[in-house]
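Q: Contents of target38.pdb (PDB, C-alpha atoms) are given next:
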ATOM      1  CA  MET A   1     284.082-173.871 312.751
ATOM      2  CA  THR A   2     286.431-170.940 313.392
ATOM      3  CA  ASP A   3     287.570-168.301 310.914
ATOM      4  CA  ARG A   4     289.046-164.786 310.952
ATOM      5  CA  PHE A   5     285.717-163.367 312.113
ATOM      6  CA  GLY A   6     286.187-164.938 315.513
ATOM      7  CA  GLY A   7     284.270-168.187 315.202
ATOM      8  CA  PHE A   8     280.705-169.205 314.373
ATOM      9  CA  ASP A   9     278.573-172.195 313.554
ATOM     10  CA  PRO A  10     277.506-171.883 309.870
ATOM     11  CA  HIS A  11     274.595-174.214 310.530
ATOM     12  CA  ALA A  12     273.178-172.196 313.424
ATOM     13  CA  HIS A  13     269.473-171.433 313.267
ATOM     14  CA  PRO A  14     268.985-168.104 311.402
ATOM     15  CA  HIS A  15     266.816-166.671 314.165
ATOM     16  CA  ASP A  16     269.123-167.069 317.163
ATOM     17  CA  HIS A  17     269.732-164.003 319.318
ATOM     18  CA  ALA A  18     271.302-161.151 317.359
ATOM     19  CA  ALA A  19     274.405-160.931 319.535
ATOM     20  CA  GLU A  20     275.198-164.551 318.753
ATOM     21  CA  ARG A  21     274.706-164.169 315.025
ATOM     22  CA  ARG A  22     276.268-160.876 314.019
ATOM     23  CA  LEU A  23     279.694-161.128 312.453
ATOM     24  CA  PRO A  24     282.243-158.700 313.880
ATOM     25  CA  THR A  25     283.175-155.953 311.394
ATOM     26  CA  VAL A  26     285.402-152.892 311.407
ATOM     27  CA  ASP A  27     282.405-150.864 312.610
ATOM     28  CA  GLU A  28     282.344-152.558 315.993
ATOM     29  CA  ALA A  29     285.399-150.531 317.038
ATOM     30  CA  ILE A  30     283.415-147.290 316.685
ATOM     31  CA  HIS A  31     282.062-145.853 319.934
ATOM     32  CA  PRO A  32     278.214-145.941 319.870
ATOM     33  CA  GLY A  33     277.920-142.320 320.985
ATOM     34  CA  HIS A  34     280.270-141.159 318.239
ATOM     35  CA  ALA A  35     278.379-143.211 315.640
ATOM     36  CA  ARG A  36     275.035-141.730 316.677
ATOM     37  CA  ALA A  37     276.361-138.162 316.644
ATOM     38  CA  HIS A  38     277.624-138.524 313.062
ATOM     39  CA  ALA A  39     274.740-140.589 311.683
ATOM     40  CA  ASP A  40     271.931-139.526 309.366
ATOM     41  CA  VAL A  41     270.132-142.739 310.362
ATOM     42  CA  TRP A  42     270.501-144.415 313.758
ATOM     43  CA  LEU A  43     268.700-147.512 315.052
ATOM     44  CA  SER A  44     269.197-149.043 318.489
ATOM     45  CA  ASP A  45     267.814-152.489 319.408
ATOM     46  CA  VAL A  46     264.908-152.110 316.958
ATOM     47  CA  SER A  47     262.369-154.886 316.411
ATOM     48  CA  VAL A  48     259.269-154.732 314.195
ATOM     49  CA  GLY A  49     256.876-156.969 312.295
ATOM     50  CA  TYR A  50     253.489-157.373 310.660
ATOM     51  CA  GLY A  51     250.644-158.683 312.786
ATOM     52  CA  ASP A  52     252.301-161.267 314.998
ATOM     53  CA  ARG A  53     255.119-162.042 312.521
ATOM     54  CA  VAL A  54     258.571-160.695 313.310
ATOM     55  CA  ALA A  55     260.279-159.023 310.354
ATOM     56  CA  LEU A  56     263.331-157.488 312.058
ATOM     57  CA  GLU A  57     264.736-157.947 315.540
ATOM     58  CA  HIS A  58     267.450-156.329 317.649
ATOM     59  CA  VAL A  59     268.733-154.120 314.827
ATOM     60  CA  ASP A  60     271.605-151.784 315.697
ATOM     61  CA  VAL A  61     273.032-149.612 312.941
ATOM     62  CA  ALA A  62     274.373-146.104 312.360
ATOM     63  CA  ILE A  63     274.560-144.735 308.796
ATOM     64  CA  GLU A  64     276.852-141.746 308.396
ATOM     65  CA  ALA A  65     275.970-138.707 306.289
ATOM     66  CA  GLY A  66     277.274-138.995 302.736
ATOM     67  CA  SER A  67     277.133-142.801 302.708
ATOM     68  CA  LEU A  68     276.316-144.816 299.590
ATOM     69  CA  LEU A  69     274.999-147.920 301.372
ATOM     70  CA  ALA A  70     273.719-151.164 299.858
ATOM     71  CA  VAL A  71     271.332-153.251 301.986
ATOM     72  CA  VAL A  72     271.600-156.918 301.002
ATOM     73  CA  GLY A  73     269.987-160.127 302.214
ATOM     74  CA  PRO A  74     267.732-162.988 301.098
ATOM     75  CA  ASN A  75     264.019-162.821 300.355
ATOM     76  CA  GLY A  76     262.038-161.913 303.443
ATOM     77  CA  ALA A  77     265.143-160.734 305.295
ATOM     78  CA  GLY A  78     263.520-157.398 306.176
ATOM     79  CA  LYS A  79     265.223-155.110 303.635
ATOM     80  CA  SER A  80     262.048-153.312 302.544
ATOM     81  CA  THR A  81     260.835-153.232 306.140
ATOM     82  CA  LEU A  82     264.045-151.490 307.192
ATOM     83  CA  LEU A  83     263.462-148.726 304.643
ATOM     84  CA  LYS A  84     259.850-148.323 305.791
ATOM     85  CA  LEU A  85     261.073-147.867 309.353
ATOM     86  CA  MET A  86     263.508-145.180 308.237
ATOM     87  CA  ALA A  87     260.799-143.464 306.198
ATOM     88  CA  GLY A  88     258.460-143.416 309.190
ATOM     89  CA  LEU A  89     255.889-145.665 307.512
ATOM     90  CA  LEU A  90     256.219-148.345 310.213
ATOM     91  CA  ARG A  91     256.564-147.921 313.950
ATOM     92  CA  PRO A  92     258.988-150.228 315.749
ATOM     93  CA  TRP A  93     257.684-152.642 318.360
ATOM     94  CA  HIS A  94     260.790-151.988 320.393
ATOM     95  CA  GLY A  95     263.897-149.814 320.249
ATOM     96  CA  ARG A  96     264.796-146.303 319.156
ATOM     97  CA  ILE A  97     265.218-144.696 315.727
ATOM     98  CA  GLU A  98     266.549-141.289 314.721
ATOM     99  CA  VAL A  99     266.486-140.065 311.127
ATOM    100  CA  LEU A 100     268.233-136.789 310.310
ATOM    101  CA  GLY A 101     268.431-136.077 314.020
ATOM    102  CA  ALA A 102     264.726-136.543 314.744
ATOM    103  CA  PRO A 103     262.116-139.292 315.189
ATOM    104  CA  PRO A 104     261.095-140.997 311.902
ATOM    105  CA  GLY A 105     258.678-138.860 309.885
ATOM    106  CA  ARG A 106     259.617-135.585 311.593
ATOM    107  CA  GLU A 107     261.975-134.594 308.739
ATOM    108  CA  ALA A 108     259.883-136.106 305.931
ATOM    109  CA  ARG A 109     260.502-133.164 303.601
ATOM    110  CA  ARG A 110     264.212-133.949 303.641
ATOM    111  CA  ILE A 111     263.667-137.608 302.684
ATOM    112  CA  ALA A 112     262.891-139.187 299.315
ATOM    113  CA  TYR A 113     261.496-142.712 299.621
ATOM    114  CA  VAL A 114     261.062-144.805 296.466
ATOM    115  CA  PRO A 115     259.398-148.185 297.208
ATOM    116  CA  GLN A 116     260.055-151.296 295.182
ATOM    117  CA  ALA A 117     256.458-151.446 293.967
ATOM    118  CA  GLU A 118     255.026-148.021 293.206
ATOM    119  CA  LEU A 119     251.395-147.440 294.166
ATOM    120  CA  VAL A 120     250.515-146.254 290.672
ATOM    121  CA  ASP A 121     247.667-147.046 288.308
ATOM    122  CA  TRP A 122     249.619-147.175 285.060
ATOM    123  CA  GLN A 123     246.430-146.431 283.073
ATOM    124  CA  PHE A 124     245.829-143.105 284.841
ATOM    125  CA  PRO A 125     246.427-140.183 282.441
ATOM    126  CA  VAL A 126     249.365-138.627 284.274
ATOM    127  CA  THR A 127     252.499-137.488 282.447
ATOM    128  CA  VAL A 128     256.133-138.072 283.303
ATOM    129  CA  ALA A 129     256.501-134.399 284.295
ATOM    130  CA  ASP A 130     253.453-134.702 286.568
ATOM    131  CA  VAL A 131     254.971-137.692 288.366
ATOM    132  CA  VAL A 132     258.298-135.932 288.888
ATOM    133  CA  MET A 133     256.512-132.784 290.132
ATOM    134  CA  MET A 134     255.023-134.954 292.904
ATOM    135  CA  GLY A 135     258.478-134.909 294.455
ATOM    136  CA  ARG A 136     258.029-131.185 295.063
ATOM    137  CA  TYR A 137     254.646-131.460 296.819
ATOM    138  CA  PRO A 138     255.893-132.011 300.395
ATOM    139  CA  ALA A 139     257.735-128.680 300.272
ATOM    140  CA  LEU A 140     254.878-126.895 298.500
ATOM    141  CA  GLY A 141     252.272-127.498 301.172
ATOM    142  CA  PRO A 142     248.509-127.678 300.559
ATOM    143  CA  LEU A 143     247.984-124.114 299.300
ATOM    144  CA  ARG A 144     250.964-123.356 297.068
ATOM    145  CA  ARG A 145     251.003-124.034 293.359
ATOM    146  CA  PRO A 146     254.245-125.105 291.645
ATOM    147  CA  GLY A 147     256.343-122.118 290.654
ATOM    148  CA  ALA A 148     259.381-121.445 288.506
ATOM    149  CA  GLU A 149     261.741-123.009 291.044
ATOM    150  CA  ASP A 150     259.671-126.191 291.143
ATOM    151  CA  ARG A 151     259.556-126.427 287.352
ATOM    152  CA  ARG A 152     263.331-125.888 287.256
ATOM    153  CA  ALA A 153     263.848-128.757 289.713
ATOM    154  CA  VAL A 154     261.648-131.058 287.616
ATOM    155  CA  THR A 155     263.436-130.164 284.376
ATOM    156  CA  GLU A 156     266.873-130.697 285.918
ATOM    157  CA  ALA A 157     265.845-134.014 287.469
ATOM    158  CA  LEU A 158     264.547-135.316 284.140
ATOM    159  CA  GLU A 159     267.756-134.229 282.438
ATOM    160  CA  GLN A 160     269.837-136.052 285.038
ATOM    161  CA  VAL A 161     268.074-139.358 284.386
ATOM    162  CA  GLY A 162     267.948-138.883 280.604
ATOM    163  CA  MET A 163     264.154-138.609 280.432
ATOM    164  CA  ASP A 164     263.779-134.930 279.498
ATOM    165  CA  GLY A 165     262.508-135.936 276.054
ATOM    166  CA  HIS A 166     259.580-137.807 277.656
ATOM    167  CA  ALA A 167     258.180-135.060 279.904
ATOM    168  CA  SER A 168     254.773-135.142 278.174
ATOM    169  CA  THR A 169     254.601-138.937 277.841
ATOM    170  CA  GLN A 170     251.900-140.783 279.797
ATOM    171  CA  ILE A 171     253.617-142.758 282.557
ATOM    172  CA  GLY A 172     251.973-146.046 281.547
ATOM    173  CA  ALA A 173     253.552-145.872 278.085
ATOM    174  CA  LEU A 174     257.074-146.239 279.472
ATOM    175  CA  SER A 175     259.166-149.371 279.776
ATOM    176  CA  GLY A 176     260.119-150.730 283.197
ATOM    177  CA  GLY A 177     263.605-149.208 282.987
ATOM    178  CA  GLN A 178     262.200-145.834 281.962
ATOM    179  CA  ARG A 179     259.819-145.892 284.897
ATOM    180  CA  ARG A 180     262.734-146.531 287.256
ATOM    181  CA  ARG A 181     264.422-143.447 285.830
ATOM    182  CA  VAL A 182     261.279-141.356 286.286
ATOM    183  CA  PHE A 183     260.769-142.340 289.904
ATOM    184  CA  LEU A 184     264.414-141.589 290.627
ATOM    185  CA  ALA A 185     263.847-138.211 288.959
ATOM    186  CA  ARG A 186     260.912-137.636 291.310
ATOM    187  CA  ALA A 187     263.241-138.311 294.242
ATOM    188  CA  LEU A 188     265.902-135.981 292.808
ATOM    189  CA  ALA A 189     263.341-133.210 292.269
ATOM    190  CA  ALA A 190     262.580-133.278 296.002
ATOM    191  CA  GLU A 191     266.217-132.261 296.606
ATOM    192  CA  PRO A 192     266.388-134.429 299.757
ATOM    193  CA  ASP A 193     269.213-135.055 302.178
ATOM    194  CA  LEU A 194     268.368-138.766 302.455
ATOM    195  CA  PHE A 195     267.405-141.167 299.667
ATOM    196  CA  LEU A 196     265.673-144.434 300.651
ATOM    197  CA  LEU A 197     265.474-146.600 297.528
ATOM    198  CA  ASP A 198     264.020-150.106 297.388
ATOM    199  CA  GLU A 199     265.611-152.108 294.543
ATOM    200  CA  PRO A 200     266.334-149.049 292.344
ATOM    201  CA  VAL A 201     268.359-151.034 289.788
ATOM    202  CA  THR A 202     266.501-154.356 289.775
ATOM    203  CA  GLY A 203     265.258-155.523 286.384
ATOM    204  CA  VAL A 204     266.964-152.799 284.338
ATOM    205  CA  ASP A 205     269.530-153.199 281.568
ATOM    206  CA  ALA A 206     273.227-152.737 282.256
ATOM    207  CA  THR A 207     273.355-149.233 280.748
ATOM    208  CA  THR A 208     270.432-148.028 282.863
ATOM    209  CA  GLN A 209     271.977-149.585 285.978
ATOM    210  CA  GLU A 210     275.269-147.779 285.394
ATOM    211  CA  ASP A 211     273.496-144.492 284.678
ATOM    212  CA  LEU A 212     271.401-144.693 287.840
ATOM    213  CA  MET A 213     274.398-145.628 289.978
ATOM    214  CA  ASP A 214     276.387-142.706 288.529
ATOM    215  CA  ILE A 215     273.561-140.390 289.615
ATOM    216  CA  LEU A 216     273.424-141.816 293.136
ATOM    217  CA  GLU A 217     277.201-141.641 293.477
ATOM    218  CA  ALA A 218     277.095-137.977 292.425
ATOM    219  CA  GLN A 219     274.508-137.286 295.134
ATOM    220  CA  THR A 220     276.754-138.695 297.856
ATOM    221  CA  ARG A 221     279.619-136.521 296.625
ATOM    222  CA  ARG A 222     277.309-133.594 297.404
ATOM    223  CA  GLY A 223     276.930-134.863 300.972
ATOM    224  CA  LYS A 224     273.598-136.642 300.480
ATOM    225  CA  THR A 225     273.003-140.070 302.001
ATOM    226  CA  VAL A 226     271.780-142.972 299.866
ATOM    227  CA  VAL A 227     270.414-146.208 301.340
ATOM    228  CA  ALA A 228     269.371-148.712 298.674
ATOM    229  CA  THR A 229     268.329-152.351 298.838
ATOM    230  CA  THR A 230     269.654-154.657 296.141
ATOM    231  CA  HIS A 231     269.873-158.329 295.215
ATOM    232  CA  ASP A 232     272.802-157.624 292.872
ATOM    233  CA  LEU A 233     275.864-158.490 294.939
ATOM    234  CA  ALA A 234     278.238-157.593 292.108
ATOM    235  CA  CYS A 235     276.710-154.120 291.940
ATOM    236  CA  ALA A 236     276.885-153.821 295.736
ATOM    237  CA  ALA A 237     280.591-154.682 295.700
ATOM    238  CA  GLN A 238     281.562-152.549 292.727
ATOM    239  CA  ARG A 239     279.355-149.450 292.902
ATOM    240  CA  PHE A 240     278.488-148.941 296.574
ATOM    241  CA  GLN A 241     280.846-147.674 299.263
ATOM    242  CA  ARG A 242     279.394-149.669 302.148
ATOM    243  CA  VAL A 243     277.133-152.635 302.720
ATOM    244  CA  LEU A 244     274.637-153.678 305.382
ATOM    245  CA  ALA A 245     273.962-157.422 305.302
ATOM    246  CA  ILE A 246     270.758-158.406 307.089
ATOM    247  CA  ASN A 247     268.681-161.489 307.712
ATOM    248  CA  ARG A 248     266.052-160.364 310.222
ATOM    249  CA  THR A 249     268.893-158.631 312.074
ATOM    250  CA  VAL A 250     272.254-157.118 311.203
ATOM    251  CA  ILE A 251     274.723-159.781 310.103
ATOM    252  CA  ALA A 252     277.524-157.448 308.999
ATOM    253  CA  HIS A 253     278.029-153.741 308.362
ATOM    254  CA  GLY A 254     281.119-152.248 306.811
ATOM    255  CA  PRO A 255     282.952-151.693 303.514
ATOM    256  CA  SER A 256     281.318-153.062 300.381
ATOM    257  CA  SER A 257     284.032-155.727 300.076
ATOM    258  CA  LEU A 258     282.159-157.607 302.821
ATOM    259  CA  VAL A 259     279.740-158.980 300.205
ATOM    260  CA  LEU A 260     282.631-160.923 298.687
ATOM    261  CA  ASP A 261     283.480-162.670 301.949
ATOM    262  CA  PRO A 262     282.194-166.284 302.056
ATOM    263  CA  ALA A 263     281.635-166.101 305.817
ATOM    264  CA  VAL A 264     279.390-163.065 305.496
ATOM    265  CA  LEU A 265     277.506-164.597 302.578
ATOM    266  CA  THR A 266     276.992-167.893 304.372
ATOM    267  CA  ARG A 267     275.634-166.259 307.500
ATOM    268  CA  THR A 268     273.443-163.874 305.508
ATOM    269  CA  TYR A 269     271.983-166.212 302.895
ATOM    270  CA  GLY A 270     272.301-169.661 304.482
ATOM    271  CA  GLY A 271     270.601-172.234 302.268
ATOM    272  CA  HIS A 272     270.140-169.673 299.491
ATOM    273  CA  LEU A 273     273.881-169.833 298.856
ATOM    274  CA  LEU A 274     275.651-172.561 296.893
ATOM    275  CA  VAL A 275     279.448-172.753 296.854
ATOM    276  CA  LEU A 276     281.005-174.481 293.838
ATOM    277  CA  GLU A 277     284.782-174.690 293.435
ATOM    278  CA  GLY A 278     285.285-171.807 295.810
ATOM    279  CA  ARG A 279     282.752-169.533 294.096
ATOM    280  CA  ALA A 280     279.551-168.445 295.823
ATOM    281  CA  ILE A 281     276.380-168.617 293.737
ATOM    282  CA  LEU A 282     273.290-166.894 295.098
ATOM    283  CA  MET A 283     270.012-168.694 294.447
ATOM    284  CA  ASP A 284     267.326-166.082 295.137
ATOM    285  CA  ASP A 285     264.258-164.474 293.556
ATOM    286  CA  ALA A 286     265.252-160.887 292.843
ATOM    287  CA  HIS A 287     261.653-159.769 292.415
ATOM    288  CA  HIS A 288     260.418-160.768 295.849
ATOM    289  CA  HIS A 289     259.899-158.096 298.476
ATOM    290  CA  ASP A 290     258.849-158.007 302.088
ATOM    291  CA  GLU A 291     255.245-158.474 303.064
ATOM    292  CA  PRO A 292     253.222-155.349 302.158
ATOM    293  CA  ALA A 293     251.131-153.492 304.667
ATOM    294  CA  PRO A 294     247.467-154.560 304.829
ATOM    295  CA  GLY A 295     245.487-153.140 301.927
ATOM    296  CA  GLU A 296     248.578-152.207 299.913
ATOM    297  CA  HIS A 297     248.251-152.949 296.193
ATOM    298  CA  HIS A 298     251.272-153.159 293.916
ATOM    299  CA  PHE A 299     251.380-152.085 290.284
ATOM    300  CA  HIS A 300     254.463-153.248 288.379
ATOM    301  CA  THR A 301     254.874-153.383 284.602
ATOM    302  CA  GLU A 302     252.138-153.943 282.039
ATOM    303  CA  ARG A 303     253.210-157.567 281.656
ATOM    304  CA  GLU A 304     252.899-158.165 285.393
ATOM    305  CA  ALA A 305     249.681-156.188 285.803
ATOM    306  CA  ASN A 306     248.008-157.829 282.827
ATOM    307  CA  PRO A 307     249.294-161.395 282.544
TER     308      PRO A 307
END
Rewrite the structure of this file - the entire thing - as structure tokens.

A:
Amino acid sequence: MTDRFGGFDPHAHPHDHAAERRLPTVDEAIHPGHARAHADVWLSDVSVGYGDRVALEHVDVAIEAGSLLAVVGPNGAGKSTLLKLMAGLLRPWHGRIEVLGAPPGREARRIAYVPQAELVDWQFPVTVADVVMMGRYPALGPLRRPGAEDRRAVTEALEQVGMDGHASTQIGALSGGQRRRVFLARALAAEPDLFLLDEPVTGVDATTQEDLMDILEAQTRRGKTVVATTHDLACAAQRFQRVLAINRTVIAHGPSSLVLDPAVLTRTYGGHLLVLEGRAILMDDAHHHDEPAPGEHHFHTEREANP
């Protein structure tokens, strides 16, 4: 079957070679050297997995500074894994990665990574302000105590997310949406150049989603780079500037309008996508994430932790 993307077989096996699967986008006209020179995040022919299971293969992508980028794809597509690679938490089996002009992990103080499942014991007696102050620790070092500048950053971050009235509240007493706000505040308090956010607006009400997206959009206007995974294709199309569609490799990368293209959706989601009367309906579990590292324990909401 041929379309304006240059021709593809919509029933091709999802794990064929990357060059045969990727849909051409406007980004393919950009010279690779130029893309790398202007990128905050650059990956070239990167493959990685867990144990002997491949999670991502032959990934090529350059993310320019100031981007507001949505990473979309089905369950198990490698979205969370991609963020872990950028954060320096996973080493690639093959390929090269540069983050803020250095190998992953080298510029950790300039990066705020917020995983989908926080490694938090919700019963531990830590306050909202304490959690947000954790965002300042990488810059503090082992011997410095938080000072006036750190407390200012925490106060401003809580004000930005509308949680300044809960600074003394124990973190476990918050709702799921409030916790999302607090962990974004922790990232803001770090004053990073690169935000790596795994499902930052999943499971929150519409007002919270709009508030959080307004904050992220404001950060990119300041020249910061935001890379966020999401299952919400409407949000990706309406609130993000660019989109990266993946399914174990890059399917498409370009303007956010790509998530509305049936060809992109079909190649990205395959059997997870149902088309009825010309409308694409995504059938996916928005709460699934990539396989955690060995020994990693996830703490979600009280309802999930205590069924």

Q: Find the distance between atom CA of A:Val132 and atom CA of A:Ala185 and write it in Å to one decimal.

A: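 Between atom CA of A:Val132 and atom CA of A:Ala185 the gap is 6.0 Å.
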
Q: Report as a ChimeraX atom specification the full result of the PyMOL selection byres ((chain A and resi 87) around 12) when it is applied to this structure.

A: /A:41,80-86,88-92,97-100,102-115,194-198,227

Q: Select, from A:Asp60, A:Glu156, A:Glu191, A:Glu149, the residue with the minimum atom-to-atom distance to A:Arg248, counting all atoms listed in the file.

A: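 Under the stated criterion, the closest residue is A:Asp60.
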
Q: What do you get, as a ChimeraX atom specification, if you spell out every residue that the PyMOL selection byres ((chain A and resi 214) around 12) selects here?

A: /A:68,160-161,201,207-213,215-221,235,238-240

Q: Report as a ChimeraX atom specification all protein, DNA and RNA residues lying within 6 Å of A:His58, evaluated on only C-alpha atoms, omitting residues in the same chain fewer than 6 positions from it.

A: /A:45-47

Q: Between A:Gly51, A:Pro200, A:Gly165, A:Gly223, which is the closest to A:Arg180 once you count all atoms listed in the file?

A: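 Closest to A:Arg180 of all the choices is A:Pro200.
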
Q: May I ask for the distance between atom CA of A:Thr169 and atom CA of A:Gly135, given in Å to one decimal place?

A: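 It comes out at 17.5 Å.
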
Q: Enumerate, as a PyMOL selection string, the protein, DNA and RNA residues whose atoms approach (264.9, -156.5, 305.6) to within 9 Å, taking into account all atoms listed in the file and the coordinate frame of the file.

A: chain A and resi 55-56+71-83+229+246-249+289-290

Q: Taking all atoms listed in the file into account, name the residue in A:Ala62, A:Ala148, A:Ala157, A:Leu184 that is nearest to A:Gln116.

A: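 That would be A:Leu184, the residue with the smallest distance to A:Gln116.
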
Q: If I take atom CA of A:Leu260 and atom CA of A:Gly203, how far is one from the other in Å, to one decimal?

A: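 If I compute the distance from atom CA of A:Leu260 to atom CA of A:Gly203, I get 22.0 Å.
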
Q: Which of these residues is nearest to A:Glu64, using only C-alpha atoms: A:Val264, A:Ala245, A:Val226, A:Ala173?

A: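 Checking each of A:Val264, A:Ala245, A:Val226, A:Ala173 against A:Glu64, counting only C-alpha atoms, the winner is A:Val226.
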
Q: Since I can't run it myself right now, could you work out what the PyMOL selection byres ((chain A and resi 175) around 12) selects here and report it as an MDAnalysis selection string?

A: chainID A and resid 122 163 166 169:174 176:182 203:205 208 300:303

Q: Which residue out of A:Leu140, A:Met133, A:Leu43, A:Leu244 has the minimum interatomic distance to A:Val59 when only C-alpha atoms are used?

A: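 The closest residue to A:Val59 is A:Leu43.
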
Q: Every residue with an atom at most 12 Å from (284.3, -159.1, 302.1) (file coordinates; only C-alpha atoms) is what I'm after, so could you write them as JSON, numbers by chain?

A: {"A": [4, 5, 23, 24, 25, 26, 233, 234, 236, 237, 238, 242, 243, 244, 245, 252, 253, 254, 255, 256, 257, 258, 259, 260, 261, 262, 263, 264, 265, 266]}

Q: Go through A:Gly95, A:Gly101, A:Pro138, A:Gly162 and flag the residue nearest A:Pro192, using all atoms listed in the file for the distances.

A: A:Pro138
